[in-house]
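*Asks:* A single structure is presented below for examination.
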Amino acid sequence: MSIPNLITLGRILLVPIVVWAILTNNMFTAFVLFLVAGVSDGVDGFLAKRFNMTTELGAYLDPLADKALIVSIYLTLGISGVIPLWLVILVVSRDILIVGGIMLSWLMGNPLKIRPLLVSKLNTVAQIAFACVVLGSLGLGYSVPQFKIVLMWTVATLTLLSIAAYLAEWVRHENKTMASP
């Protein structure tokens, strides 16, 4: 078990604690723990690449941790009425479509290699930044409504672009697989 994988597992373990903090209206704790989880996402990747500690387990754990964190926090913030439900539906639907496409390819006997796209990485950064600003404004008692709106629409735009990019990749993969004997 490498250090980057341990950091990723730590991020996964933080998810229920952050959800609990939001649901119990302990927004300062939620903000701090979410910030730690968000920063750990960059740290584990940096360490893995910089010190040649990449593993196959890490290649699966990192996106799982990202999805668990983002989906859980967005669902909790949406249910709590803190962020718009349409944004929650968009973010969660994207992840369901990605996982569904991978599973469908696997079931059809044409496994799709998981490869994060640049737009997906930007989308994850925007999603984490938006959740951080929302939790920070609630936990620290400051308000930056214009910045939150810009980030919200950035998340929505990047999520839609990411859906389109992954759908194009999936269709390309399936067409290529079906065309070859």
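Residues are named by chain letter and number: chains run A, B, ... in the order of the structure tokens, numbers start at 1 in each chain, and ligands are numbered from 1 in the order shown.
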Write out as a ChimeraX atom specification the residues lying within 10 Å of Pro63 in chain A, counting only C-alpha atoms and excluding same-chain residues fewer than 4 positions away.
*Replies:* /A:8,41,58-59,67-69,114,116,124
*Asks:* Put those residues in a file: C-alpha atoms, as a PDB file, in the first residue's frame.
*Replies:*
```pdb
ATOM      1  CA  THR A   8      -6.793   8.311  -1.281  1.00  0.00           C
ATOM      2  CA  ASP A  41      -6.810  14.753  -4.266  1.00  0.00           C
ATOM      3  CA  GLY A  58      -4.473   3.850  -7.296  1.00  0.00           C
ATOM      4  CA  ALA A  59      -5.752   4.202 -10.878  1.00  0.00           C
ATOM      5  CA  LYS A  67     -16.855  10.291  -7.247  1.00  0.00           C
ATOM      6  CA  ALA A  68     -17.687   9.312  -3.656  1.00  0.00           C
ATOM      7  CA  LEU A  69     -16.663  12.742  -2.395  1.00  0.00           C
ATOM      8  CA  ILE A 114     -10.432   4.251 -17.954  1.00  0.00           C
ATOM      9  CA  PRO A 116      -9.365  10.755 -17.407  1.00  0.00           C
ATOM     10  CA  THR A 124     -13.379  17.916 -10.856  1.00  0.00           C
TER      11      THR A 124
END
```
*Asks:* Please provide the set of residues having any atom within 12 Å of Gly78 in chain A, restricted to only C-alpha atoms, with same-chain residues fewer than 3 positions apart removed, written as a list in words.
*Replies:* Val19, Ile22, Leu23, Ile70, Val71, Ser72, Ile73, Tyr74, Leu75, Gly81, Val82, Ile83, Pro84, Leu85, Trp86, Leu87, Val88, Ile89, Leu90, Val91, Val92, Ala131 and Val134 of chain A
*Asks:* What's the 10 Å shell around Leu47 in chain A, counting only C-alpha atoms, without same-chain residues fewer than 3 positions away, as a list in words?
*Replies:*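 That gives Ser2, Ile3, Pro4, Asn5, Ile7, Gly42, Val43, Asp44, Arg50, Phe51, Asn52, Met53 and Thr54 of chain A.
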*Asks:* Running DSSP on the backbone, which parts of range 15-119 of chain A land in alpha helix (DSSP H), as a PyMOL selection string?
*Replies:* chain A and resi 15-23+27-50+56-79+85-107+118-119
*Asks:* Please, could you write that set of residues out with C-alpha atoms as a CSV table (one decimal), in the first residue's frame?
*Replies:*
```
chain,number,residue,atom,x,y,z
A,15,VAL,CA,-16.7,11.4,3.0
A,16,PRO,CA,-19.2,10.2,5.6
A,17,ILE,CA,-17.8,12.5,8.2
A,18,VAL,CA,-18.2,15.5,5.9
A,19,VAL,CA,-21.8,14.4,5.1
A,20,TRP,CA,-22.5,14.1,8.8
A,21,ALA,CA,-21.1,17.5,9.5
A,22,ILE,CA,-23.3,19.1,6.8
A,23,LEU,CA,-26.4,17.3,8.0
A,27,MET,CA,-20.5,23.8,8.4
A,28,PHE,CA,-17.1,24.9,9.7
A,29,THR,CA,-16.1,21.3,10.3
A,30,ALA,CA,-17.6,20.3,7.0
A,31,PHE,CA,-15.6,23.0,5.2
A,32,VAL,CA,-12.3,22.1,6.9
A,33,LEU,CA,-12.6,18.4,6.2
A,34,PHE,CA,-13.8,18.9,2.7
A,35,LEU,CA,-10.9,21.3,2.1
A,36,VAL,CA,-8.5,18.6,3.4
A,37,ALA,CA,-10.2,16.0,1.1
A,38,GLY,CA,-10.0,18.3,-1.9
A,39,VAL,CA,-6.3,19.1,-1.3
A,40,SER,CA,-5.5,15.4,-0.8
A,41,ASP,CA,-6.8,14.8,-4.3
A,42,GLY,CA,-4.0,16.8,-5.7
A,43,VAL,CA,-1.4,15.6,-3.2
A,44,ASP,CA,-1.9,11.9,-3.9
A,45,GLY,CA,-1.6,12.4,-7.6
A,46,PHE,CA,1.4,14.6,-7.3
A,47,LEU,CA,3.2,12.1,-5.0
A,48,ALA,CA,2.3,9.2,-7.2
A,49,LYS,CA,3.6,10.8,-10.4
A,50,ARG,CA,6.6,12.7,-8.9
A,56,GLU,CA,-3.1,-0.1,-10.7
A,57,LEU,CA,-5.0,0.1,-7.4
A,58,GLY,CA,-4.5,3.8,-7.3
A,59,ALA,CA,-5.8,4.2,-10.9
A,60,TYR,CA,-9.1,2.8,-9.7
A,61,LEU,CA,-9.2,4.2,-6.2
A,62,ASP,CA,-8.6,7.8,-7.1
A,63,PRO,CA,-11.6,8.2,-9.4
A,64,LEU,CA,-13.7,6.2,-6.9
A,65,ALA,CA,-12.7,8.6,-4.1
A,66,ASP,CA,-13.4,11.6,-6.3
A,67,LYS,CA,-16.9,10.3,-7.2
A,68,ALA,CA,-17.7,9.3,-3.7
A,69,LEU,CA,-16.7,12.7,-2.4
A,70,ILE,CA,-18.3,14.8,-5.1
A,71,VAL,CA,-21.5,12.9,-5.4
A,72,SER,CA,-22.0,12.6,-1.6
A,73,ILE,CA,-21.3,16.3,-0.9
A,74,TYR,CA,-23.4,17.6,-3.8
A,75,LEU,CA,-26.3,15.3,-2.9
A,76,THR,CA,-26.1,16.4,0.8
A,77,LEU,CA,-25.9,20.1,-0.1
A,78,GLY,CA,-28.8,19.7,-2.6
A,79,ILE,CA,-31.0,17.9,-0.1
A,85,LEU,CA,-31.1,20.6,-7.3
A,86,TRP,CA,-30.7,20.9,-11.0
A,87,LEU,CA,-26.9,21.2,-10.5
A,88,VAL,CA,-27.0,18.1,-8.2
A,89,ILE,CA,-28.9,16.2,-10.8
A,90,LEU,CA,-26.4,17.2,-13.5
A,91,VAL,CA,-23.3,16.4,-11.5
A,92,VAL,CA,-24.7,13.0,-10.3
A,93,SER,CA,-26.1,12.1,-13.7
A,94,ARG,CA,-22.6,12.6,-15.3
A,95,ASP,CA,-21.0,10.2,-12.9
A,96,ILE,CA,-23.8,7.6,-13.4
A,97,LEU,CA,-23.4,7.9,-17.2
A,98,ILE,CA,-19.6,7.4,-17.0
A,99,VAL,CA,-19.9,4.4,-14.7
A,100,GLY,CA,-22.8,3.1,-16.8
A,101,GLY,CA,-20.9,3.4,-20.0
A,102,ILE,CA,-17.9,1.6,-18.6
A,103,MET,CA,-20.1,-1.2,-17.2
A,104,LEU,CA,-22.0,-1.5,-20.5
A,105,SER,CA,-18.8,-1.8,-22.5
A,106,TRP,CA,-17.5,-4.4,-20.1
A,107,LEU,CA,-20.8,-6.4,-20.3
A,118,LEU,CA,-8.5,17.1,-19.5
A,119,VAL,CA,-12.1,18.4,-19.4
```
*Asks:* Which one of A:Ala164, A:Leu117, A:Met1, A:Met152 sits closest to Val133 in chain A if you count only C-alpha atoms?
*Replies:* A:Met152
*Asks:* Fewer than 4 positions away in the same chain doesn't count, so skip those; otherwise give me all residues within 9 Å of Ser120 in chain A, counting only C-alpha atoms, as an MDAnalysis selection string.
*Replies:* chainID A and resid 116 124:125 158:159 161:163 165:166
*Asks:* Calculate how many Å separate CA of Ser80 in chain A from CA of Leu160 in chain A, rounding to one decimal.
*Replies:*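 Calculated distance between CA of Ser80 in chain A and CA of Leu160 in chain A is 23.8 Å.
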*Asks:* Report, in Å with one decimal, the straight-line distance from CA of Asn175 in chain A to CA of Gly109 in chain A.
*Replies:* 13.3 Å
*Asks:* Looking at only C-alpha atoms, which of A:Val171, A:Ser143, A:Thr55, A:Asn25 is the one that sits closest to Leu6 in chain A?
*Replies:*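 Checking each of A:Val171, A:Ser143, A:Thr55, A:Asn25 against Leu6 in chain A, counting only C-alpha atoms, the winner is A:Thr55.
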